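Below is coords_2.cif, which holds mmCIF, C-alpha atoms and all ligand atoms.
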data_upload
loop_
_atom_site.label_atom_id
_atom_site.label_comp_id
_atom_site.auth_asym_id
_atom_site.auth_seq_id
_atom_site.Cartn_x
_atom_site.Cartn_y
_atom_site.Cartn_z
CA MET A 1 28.67 -8.42 -13.50
CA SER A 2 26.18 -10.83 -15.05
CA VAL A 3 23.78 -9.78 -17.83
CA ALA A 4 20.85 -10.51 -15.54
CA HIS A 5 22.08 -7.86 -13.14
CA THR A 6 22.52 -5.14 -15.77
CA GLN A 7 18.95 -5.82 -16.96
CA ALA A 8 17.48 -5.60 -13.47
CA LYS A 9 15.46 -2.53 -12.62
CA VAL A 10 17.29 0.14 -10.64
CA ALA A 11 15.95 2.23 -7.77
CA LEU A 12 17.52 5.34 -6.27
CA VAL A 13 16.40 5.94 -2.68
CA THR A 14 17.45 9.20 -0.99
CA GLY A 15 18.26 9.31 2.71
CA ALA A 16 18.50 5.54 2.56
CA ALA A 17 21.21 4.62 5.06
CA LYS A 18 18.92 4.14 8.07
CA ARG A 19 15.38 3.95 9.38
CA ILE A 20 12.52 4.06 6.83
CA GLY A 21 14.86 4.58 3.86
CA ALA A 22 16.89 1.46 4.71
CA GLU A 23 13.70 -0.60 5.05
CA ILE A 24 12.55 0.61 1.63
CA VAL A 25 15.94 -0.36 0.19
CA ARG A 26 15.75 -3.90 1.66
CA HIS A 27 12.23 -4.47 0.33
CA LEU A 28 13.14 -3.23 -3.16
CA HIS A 29 16.27 -5.36 -3.21
CA HIS A 30 14.28 -8.40 -2.17
CA ALA A 31 11.89 -7.63 -5.06
CA GLY A 32 14.81 -7.77 -7.50
CA PHE A 33 15.83 -4.13 -7.86
CA ASN A 34 19.43 -2.97 -7.93
CA LEU A 35 19.95 -0.06 -5.61
CA VAL A 36 21.53 3.36 -5.32
CA ILE A 37 21.70 4.09 -1.60
CA HIS A 38 21.98 7.85 -1.20
CA TYR A 39 23.26 9.28 2.10
CA HIS A 40 24.62 12.53 3.47
CA PHE A 41 26.33 12.03 6.85
CA SER A 42 25.54 8.33 7.51
CA GLU A 43 28.35 6.85 5.45
CA LYS A 44 29.03 3.88 7.74
CA SER A 45 25.38 2.77 7.85
CA ALA A 46 25.04 3.23 4.09
CA GLN A 47 28.15 1.15 3.39
CA GLU A 48 27.05 -1.61 5.81
CA LEU A 49 23.68 -1.75 4.09
CA ALA A 50 25.29 -1.94 0.64
CA ASP A 51 27.65 -4.68 1.86
CA GLU A 52 24.68 -6.66 3.22
CA LEU A 53 22.86 -6.42 -0.14
CA ASN A 54 25.95 -7.18 -2.23
CA GLU A 55 26.55 -10.27 -0.12
CA GLU A 56 23.03 -11.45 -0.95
CA ARG A 57 23.40 -10.57 -4.65
CA GLU A 58 26.72 -9.58 -6.16
CA ASN A 59 27.06 -6.05 -7.60
CA SER A 60 23.49 -5.10 -6.71
CA ALA A 61 23.98 -1.94 -4.61
CA ILE A 62 26.13 1.16 -4.50
CA CYS A 63 26.27 4.16 -2.14
CA ILE A 64 26.45 7.77 -3.30
CA GLN A 65 26.93 10.73 -0.98
CA ALA A 66 25.26 14.08 -1.64
CA ASP A 67 24.16 17.10 0.35
CA LEU A 68 20.66 17.78 -0.97
CA ASN A 69 21.09 21.48 -0.12
CA SER A 70 23.38 21.76 -3.13
CA ILE A 71 22.00 21.74 -6.66
CA THR A 72 25.44 20.76 -7.92
CA GLN A 73 25.48 17.70 -5.66
CA ILE A 74 21.88 16.81 -6.55
CA ASN A 75 22.77 16.76 -10.25
CA GLU A 76 26.00 14.89 -9.54
CA LEU A 77 24.01 12.25 -7.62
CA ALA A 78 21.83 11.69 -10.69
CA THR A 79 24.85 11.65 -13.02
CA GLN A 80 26.77 9.13 -10.90
CA ALA A 81 23.72 6.88 -10.50
CA LEU A 82 23.16 6.81 -14.27
CA ALA A 83 26.86 6.31 -14.97
CA ARG A 84 26.86 3.19 -12.77
CA TRP A 85 23.70 1.49 -14.00
CA GLN A 86 22.79 3.24 -17.29
CA ARG A 87 19.18 3.35 -16.10
CA ILE A 88 16.93 4.47 -13.27
CA ASP A 89 13.46 2.91 -13.06
CA LEU A 90 12.36 4.15 -9.66
CA LEU A 91 13.16 7.32 -7.73
CA ILE A 92 12.14 7.39 -4.07
CA ASN A 93 12.45 10.87 -2.57
CA ASN A 94 12.67 9.84 1.08
CA ALA A 95 15.40 12.11 2.55
CA SER A 96 14.10 14.77 4.87
CA SER A 97 15.17 17.13 7.60
CA PHE A 98 12.67 17.56 10.42
CA TYR A 99 12.79 19.86 13.44
CA PRO A 100 10.70 22.61 15.04
CA THR A 101 10.80 26.16 13.67
CA PRO A 102 8.60 28.23 15.98
CA ILE A 103 7.49 31.60 14.64
CA GLY A 104 9.82 34.25 16.08
CA ASN A 105 12.70 31.83 16.29
CA SER A 106 13.26 30.59 12.75
CA SER A 107 16.13 31.52 10.45
CA GLU A 108 16.67 31.64 6.71
CA GLU A 109 19.03 28.69 7.20
CA ASP A 110 16.14 26.68 8.72
CA TRP A 111 13.95 27.63 5.77
CA ASP A 112 16.58 26.57 3.24
CA ASN A 113 17.44 23.35 5.02
CA LEU A 114 13.85 22.14 5.43
CA ILE A 115 12.65 23.28 2.01
CA ASN A 116 15.72 21.95 0.23
CA SER A 117 15.59 18.38 1.53
CA ASN A 118 11.80 18.00 1.44
CA LEU A 119 10.93 19.93 -1.72
CA LYS A 120 13.73 21.38 -3.82
CA ALA A 121 15.84 18.22 -4.04
CA PRO A 122 12.90 15.96 -5.03
CA PHE A 123 12.03 18.39 -7.85
CA PHE A 124 15.56 18.68 -9.23
CA LEU A 125 16.31 14.97 -8.86
CA ALA A 126 13.12 14.19 -10.77
CA GLN A 127 14.18 16.66 -13.46
CA ALA A 128 17.68 15.17 -13.72
CA LEU A 129 16.31 11.62 -13.99
CA ALA A 130 13.19 12.30 -16.05
CA GLN A 131 14.68 11.11 -19.33
CA SER A 132 15.84 7.76 -18.00
CA LEU A 133 12.63 7.27 -16.02
CA SER A 134 10.64 7.96 -19.21
CA GLU A 135 12.71 5.59 -21.30
CA HIS A 136 12.03 2.80 -18.81
CA HIS A 137 8.39 3.66 -18.04
CA GLY A 138 9.46 4.30 -14.48
CA CYS A 139 8.02 5.68 -11.31
CA ILE A 140 8.66 8.43 -8.77
CA ILE A 141 7.41 8.13 -5.20
CA ASN A 142 7.71 11.13 -2.88
CA ILE A 143 7.46 10.61 0.87
CA ALA A 144 5.22 13.36 2.22
CA ASP A 145 3.55 13.47 5.66
CA ILE A 146 0.03 13.72 7.06
CA TYR A 147 1.19 17.16 8.29
CA ALA A 148 1.24 18.36 4.67
CA ASP A 149 -2.50 18.71 5.05
CA LYS A 150 -2.97 19.76 8.66
CA PRO A 151 0.08 21.58 10.02
CA LEU A 152 2.12 20.27 12.93
CA LYS A 153 2.32 22.89 15.68
CA LYS A 154 5.67 24.73 15.86
CA HIS A 155 6.79 23.06 12.62
CA SER A 156 5.65 25.65 10.05
CA ILE A 157 8.51 25.30 7.62
CA TYR A 158 8.45 21.49 7.62
CA SER A 159 4.66 21.50 7.11
CA ILE A 160 4.99 24.04 4.26
CA ALA A 161 7.73 21.94 2.65
CA LYS A 162 5.65 18.75 2.80
CA ALA A 163 2.59 20.60 1.44
CA GLY A 164 4.80 21.62 -1.48
CA ASN A 165 5.96 18.02 -1.77
CA VAL A 166 2.32 16.94 -2.26
CA MET A 167 1.84 19.49 -5.04
CA LEU A 168 5.16 18.36 -6.50
CA THR A 169 3.70 14.85 -6.80
CA LYS A 170 0.63 16.12 -8.61
CA THR A 171 2.45 18.45 -10.97
CA LEU A 172 5.13 15.88 -11.85
CA ALA A 173 2.42 13.28 -12.46
CA GLN A 174 0.88 15.67 -14.99
CA GLU A 175 4.18 16.73 -16.56
CA LEU A 176 5.71 13.27 -16.89
CA ALA A 177 2.61 11.31 -17.99
CA PRO A 178 2.08 9.03 -19.78
CA LEU A 179 5.56 7.52 -19.48
CA VAL A 180 6.26 8.04 -15.76
CA ARG A 181 3.83 7.58 -12.87
CA VAL A 182 4.35 9.82 -9.84
CA ASN A 183 2.74 9.17 -6.47
CA GLY A 184 3.27 10.08 -2.83
CA ILE A 185 2.97 8.39 0.53
CA ALA A 186 1.86 10.31 3.62
CA PRO A 187 3.06 8.45 6.72
CA GLY A 188 1.65 9.08 10.17
CA ALA A 189 3.63 8.12 13.27
CA ILE A 190 6.07 5.42 12.11
CA LEU A 191 9.42 5.94 13.88
CA TRP A 192 9.94 8.58 16.56
CA PRO A 193 12.34 11.28 15.37
CA ASP A 194 16.03 10.55 15.82
CA ASP A 195 16.58 12.77 18.88
CA THR A 196 20.28 12.20 19.40
CA ASN A 197 21.40 15.60 18.07
CA LYS A 198 18.53 17.65 19.48
CA CYS A 199 18.45 20.02 22.43
CA PRO A 200 16.14 18.87 25.28
CA GLU A 201 13.28 21.28 24.48
CA ASP A 202 13.08 19.95 20.90
CA LYS A 203 12.74 16.32 21.96
CA LEU A 204 9.39 14.59 21.92
CA SER A 205 8.46 13.78 25.53
CA ASP A 206 7.10 10.37 26.57
CA ASP A 207 3.89 12.11 27.56
CA ASN A 208 3.48 13.61 24.08
CA LYS A 209 4.22 10.25 22.50
CA GLU A 210 1.46 8.66 24.62
CA LYS A 211 -1.00 11.38 23.65
CA MET A 212 -0.15 10.94 19.99
CA LEU A 213 -0.64 7.17 20.13
CA ALA A 214 -3.98 7.57 21.90
CA ARG A 215 -5.30 9.52 18.90
CA ILE A 216 -4.55 6.74 16.40
CA PRO A 217 -7.64 4.61 15.68
CA LEU A 218 -5.50 1.49 15.11
CA GLN A 219 -3.92 2.20 18.54
CA GLN A 220 -0.30 1.74 17.57
CA ARG A 221 2.54 3.25 15.63
CA GLY A 222 3.13 2.03 12.10
CA GLN A 223 6.32 0.25 11.13
CA ALA A 224 8.91 1.12 8.52
CA GLN A 225 7.80 -1.97 6.60
CA ASP A 226 4.30 -0.48 6.23
CA ILE A 227 5.87 2.29 4.16
CA ALA A 228 8.16 -0.11 2.27
CA LYS A 229 5.24 -2.38 1.35
CA THR A 230 3.26 0.62 0.11
CA ILE A 231 6.24 1.57 -2.06
CA LEU A 232 6.20 -1.90 -3.61
CA PHE A 233 2.46 -1.65 -4.22
CA LEU A 234 2.74 1.74 -5.94
CA ALA A 235 5.81 0.74 -7.95
CA GLN A 236 4.71 -2.73 -9.05
CA SER A 237 0.96 -3.22 -8.73
CA ALA A 238 -0.65 0.12 -9.48
CA PRO A 239 -0.27 0.76 -13.24
CA TYR A 240 -3.37 3.00 -13.38
CA ILE A 241 -2.54 5.13 -10.30
CA THR A 242 -0.70 8.43 -10.72
CA GLY A 243 -0.77 11.81 -9.00
CA GLN A 244 -2.11 10.31 -5.76
CA ILE A 245 -1.03 10.49 -2.13
CA LEU A 246 -1.58 7.29 -0.18
CA THR A 247 -1.94 7.88 3.55
CA VAL A 248 -0.40 5.22 5.82
CA ASP A 249 -1.22 6.36 9.33
CA GLY A 250 -3.41 3.84 11.18
CA GLY A 251 -6.35 6.20 10.62
CA ARG A 252 -4.80 9.11 12.49
CA SER A 253 -5.59 11.75 9.86
CA ILE A 254 -9.31 11.17 10.21
CA THR A 255 -9.06 12.23 13.86
CA ILE A 256 -6.84 15.37 13.64
N1 LIG B 301 9.48 8.79 10.96
C1 LIG B 301 8.17 8.97 10.84
O1 LIG B 301 7.36 8.49 11.65
C2 LIG B 301 7.64 9.78 9.69
C3 LIG B 301 6.37 10.36 9.78
C4 LIG B 301 5.88 11.12 8.72
C5 LIG B 301 6.64 11.28 7.57
N2 LIG B 301 7.90 10.72 7.51
C6 LIG B 301 8.69 10.92 6.30
O2 LIG B 301 9.23 9.66 5.91
C7 LIG B 301 10.56 9.82 5.38
C8 LIG B 301 11.53 8.96 6.16
O3 LIG B 301 11.42 9.26 7.55
P1 LIG B 301 12.63 8.97 8.56
O4 LIG B 301 12.11 9.34 9.91
O5 LIG B 301 13.18 7.63 8.32
O6 LIG B 301 13.66 10.09 8.05
P2 LIG B 301 14.95 10.65 8.84
O7 LIG B 301 15.62 9.55 9.53
O8 LIG B 301 14.53 11.84 9.66
O9 LIG B 301 15.80 11.23 7.60
C9 LIG B 301 16.20 10.38 6.54
C10 LIG B 301 17.51 10.82 5.99
O10 LIG B 301 17.42 12.08 5.31
C11 LIG B 301 18.74 12.49 5.07
N3 LIG B 301 18.86 13.93 4.91
C12 LIG B 301 18.34 14.93 5.67
N4 LIG B 301 18.76 16.14 5.20
C13 LIG B 301 19.56 15.87 4.13
C14 LIG B 301 20.30 16.69 3.23
N5 LIG B 301 20.33 18.02 3.31
N6 LIG B 301 21.03 16.07 2.25
C15 LIG B 301 21.02 14.73 2.14
N7 LIG B 301 20.35 13.90 2.97
C16 LIG B 301 19.62 14.48 3.94
C17 LIG B 301 19.58 11.99 6.26
O11 LIG B 301 20.71 11.29 5.72
P3 LIG B 301 22.11 11.04 6.53
O12 LIG B 301 21.72 10.31 7.80
O13 LIG B 301 22.92 10.22 5.61
O14 LIG B 301 22.71 12.39 6.80
C18 LIG B 301 18.61 11.06 7.01
O15 LIG B 301 19.19 9.85 7.42
C19 LIG B 301 10.85 11.32 5.45
O16 LIG B 301 10.55 11.92 4.23
C20 LIG B 301 9.89 11.81 6.53
O17 LIG B 301 9.57 13.18 6.40
C21 LIG B 301 8.41 9.99 8.54
#
For this file, produce the structure as structure tokens.
Ligand SMILES: NC(=O)c1ccc[n+]([C@@H]2O[C@H](COP(=O)([O-])OP(=O)(O)OC[C@H]3O[C@@H](n4cnc5c(N)ncnc54)[C@H](OP(=O)(O)O)[C@@H]3O)[C@@H](O)[C@H]2O)c1
Amino acid sequence: MSVAHTQAKVALVTGAAKRIGAEIVRHLHHAGFNLVIHYHFSEKSAQELADELNEERENSAICIQADLNSITQINELATQALARWQRIDLLINNASSFYPTPIGNSSEEDWDNLINSNLKAPFFLAQALAQSLSEHHGCIINIADIYADKPLKKHSIYSIAKAGNVMLTKTLAQELAPLVRVNGIAPGAILWPDDTNKCPEDKLSDDNKEKMLARIPLQQRGQAQDIAKTILFLAQSAPYITGQILTVDGGRSITI
């Protein structure tokens, strides 16, 4: 590995094998970061993404698997990432589980699963990486949701978890200042949920998608790159911004 590569900044992106996470990874790599691509089940996609990046720039990306329900695996993810690069400059807490939990039909397992990926893991990953982030004057960016503020119907636990994620951003910004900046991004409708493993009643119907789009002032869904570009802005061009949530939703939150 060349010296230039070991001196490059390093970003750890959770849930990064596909969709918005993968787009964030590509943008950061293009901006010169080395990458830790975290995944849980999507090993093949994660490895293909790492191969693509390593072909562009040798030794610039690795994959690490971890179930974010497990505190042991969360800490191991941080340990392995630091062991590989000796530094982390940017932590993007992107991984998330998302599904309906109607009142009367929600289990403790649902609670744990949704809270763990959206709230508990971001807190403990931040804790495990705080020293390295401080040493390198780094950044944390948590991906929240516009539903942190106004709850999504039949998605209580997810909405609660994302509301906690917003407070996590504010409290970490206070705790880790002045060395580490911590911000959040609240996306609106960017990519429709990955429905492949869902039962029919949990899937978003075409009719509901239409209704949702009609309520967006900019009259279209956002794109994964809108989130990735916002990440780059917060990480690279916002030295006096911390503890803030930037909404990227085509104006939708002003109408709901
Ligand atoms: N999509 C949207 O329009 C939208 C709207 C509002 C907010 N957001 C937020 O933006 C972020 C990215 O959205 P997305 O739709 O791209 O996310 P996604 O595809 O639903 O999930 C991203 C990844 O999270 C990982 N994950 C879930 N539970 C995990 C666990 N217990 N342990 C480890 N990894 C776990 C999965 O990794 P594996 O595949 O490897 O298992 C998954 O690929 C999320 O935080 C989401 O809440 C998205």
Legend entry - Cut-off 7 Å, all atoms listed in the file, neighbours of ligand LIG 301 (chain B) as a VMD selection string: chain A and resid 14 to 21 39 to 43 66 to 69 94 to 98 113 116 to 118 143 to 146 186 to 194
Inset, instruction - Name the closest residue to A:Ile157 among the candidates A:Ser253, A:Asn75, A:Gln174, A:Ser106; distances are taken between atoms, counting only C-alpha atoms. - result: A:Ser106
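The two atoms in question, atom CA of A:Ala61 and atom CA of A:Asn34, are spaced 5.7 Å apart.
Here atom CA of A:Glu23 is placed at a distance of 8.4 Å from atom CA of A:Ile227.
Proximity ranking of A:Asn208, A:Thr72, A:Gln86, A:Thr230 relative to A:Ala121 places A:Thr72 first, based on only C-alpha atoms.
For the choices A:Cys139, A:Leu218, A:Ile37, A:Ile24, the atom-to-atom distance to A:Leu179 is smallest for A:Cys139 when using only C-alpha atoms.
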Legend entry - Option closest in space to A:Leu168, from A:Gln7, A:Gln223, A:Ser107, A:Asn93 [counting all atoms listed in the file]: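 Under the stated criterion, the closest residue is A:Asn93.
Across the model, the gap from atom CA of A:Ala128 to atom CA of A:Lys162 is 20.7 Å.
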Legend entry - Shell around A:Leu119 at 7 Å using all atoms listed in the file, local window under 6 positions removed, as a PyMOL selection string: chain A and resi 161+164-165
Inset, instruction - Check the smallest atom-to-atom distance from each of A:Lys154, A:Arg221, A:Lys203, A:His137 to A:Pro178 using only C-alpha atoms, then report the winner. - result: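 Nearest to A:Pro178: A:His137.
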Legend entry - Contacts of A:Ile254 within 12 Å, all atoms listed in the file, excl. fewer than 2 positions in-chain, as a PyMOL selection string: chain A and resi 146+149-150+188+215-218+247-252+256
Written selection (C-alpha atoms) as a tab-separated table (two decimals), in the coordinates of the input:
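What ended up in result-v1.tsv:
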chain	number	residue	atom	x	y	z
A	146	ILE	CA	0.03	13.72	7.06
A	149	ASP	CA	-2.50	18.71	5.05
A	150	LYS	CA	-2.97	19.76	8.66
A	188	GLY	CA	1.65	9.08	10.17
A	215	ARG	CA	-5.30	9.52	18.90
A	216	ILE	CA	-4.55	6.74	16.40
A	217	PRO	CA	-7.64	4.61	15.68
A	218	LEU	CA	-5.50	1.49	15.11
A	247	THR	CA	-1.94	7.88	3.55
A	248	VAL	CA	-0.40	5.22	5.82
A	249	ASP	CA	-1.22	6.36	9.33
A	250	GLY	CA	-3.41	3.84	11.18
A	251	GLY	CA	-6.35	6.20	10.62
A	252	ARG	CA	-4.80	9.11	12.49
A	256	ILE	CA	-6.84	15.37	13.64
Inset, instruction - Counting only C-alpha atoms, figure out which residue out of A:Ala163, A:Ile241, A:Leu12, A:Leu232 gets nearest to A:Arg181. - result: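 Using only C-alpha atoms, A:Arg181 sits closest to A:Ile241.
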Inset, instruction - Would you kindly return, as a PyMOL selection string, each protein, DNA or RNA residue with an atom no farther than 9 Å from any atom of A:Gln244, considering all atoms listed in the file and excluding same-chain residues fewer than 4 positions away? - result: chain A and resi 166+169-170+173+182-185
Atoms to include: C-alpha atoms. Write the selected residues as a PDB file, keeping the file's coordinate frame.
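Written out: result.pdb:
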ATOM      1  CA  VAL A 166       2.320  16.940  -2.260  1.00  0.00           C
ATOM      2  CA  THR A 169       3.700  14.850  -6.800  1.00  0.00           C
ATOM      3  CA  LYS A 170       0.630  16.120  -8.610  1.00  0.00           C
ATOM      4  CA  ALA A 173       2.420  13.280 -12.460  1.00  0.00           C
ATOM      5  CA  VAL A 182       4.350   9.820  -9.840  1.00  0.00           C
ATOM      6  CA  ASN A 183       2.740   9.170  -6.470  1.00  0.00           C
ATOM      7  CA  GLY A 184       3.270  10.080  -2.830  1.00  0.00           C
ATOM      8  CA  ILE A 185       2.970   8.390   0.530  1.00  0.00           C
TER       9      ILE A 185
END
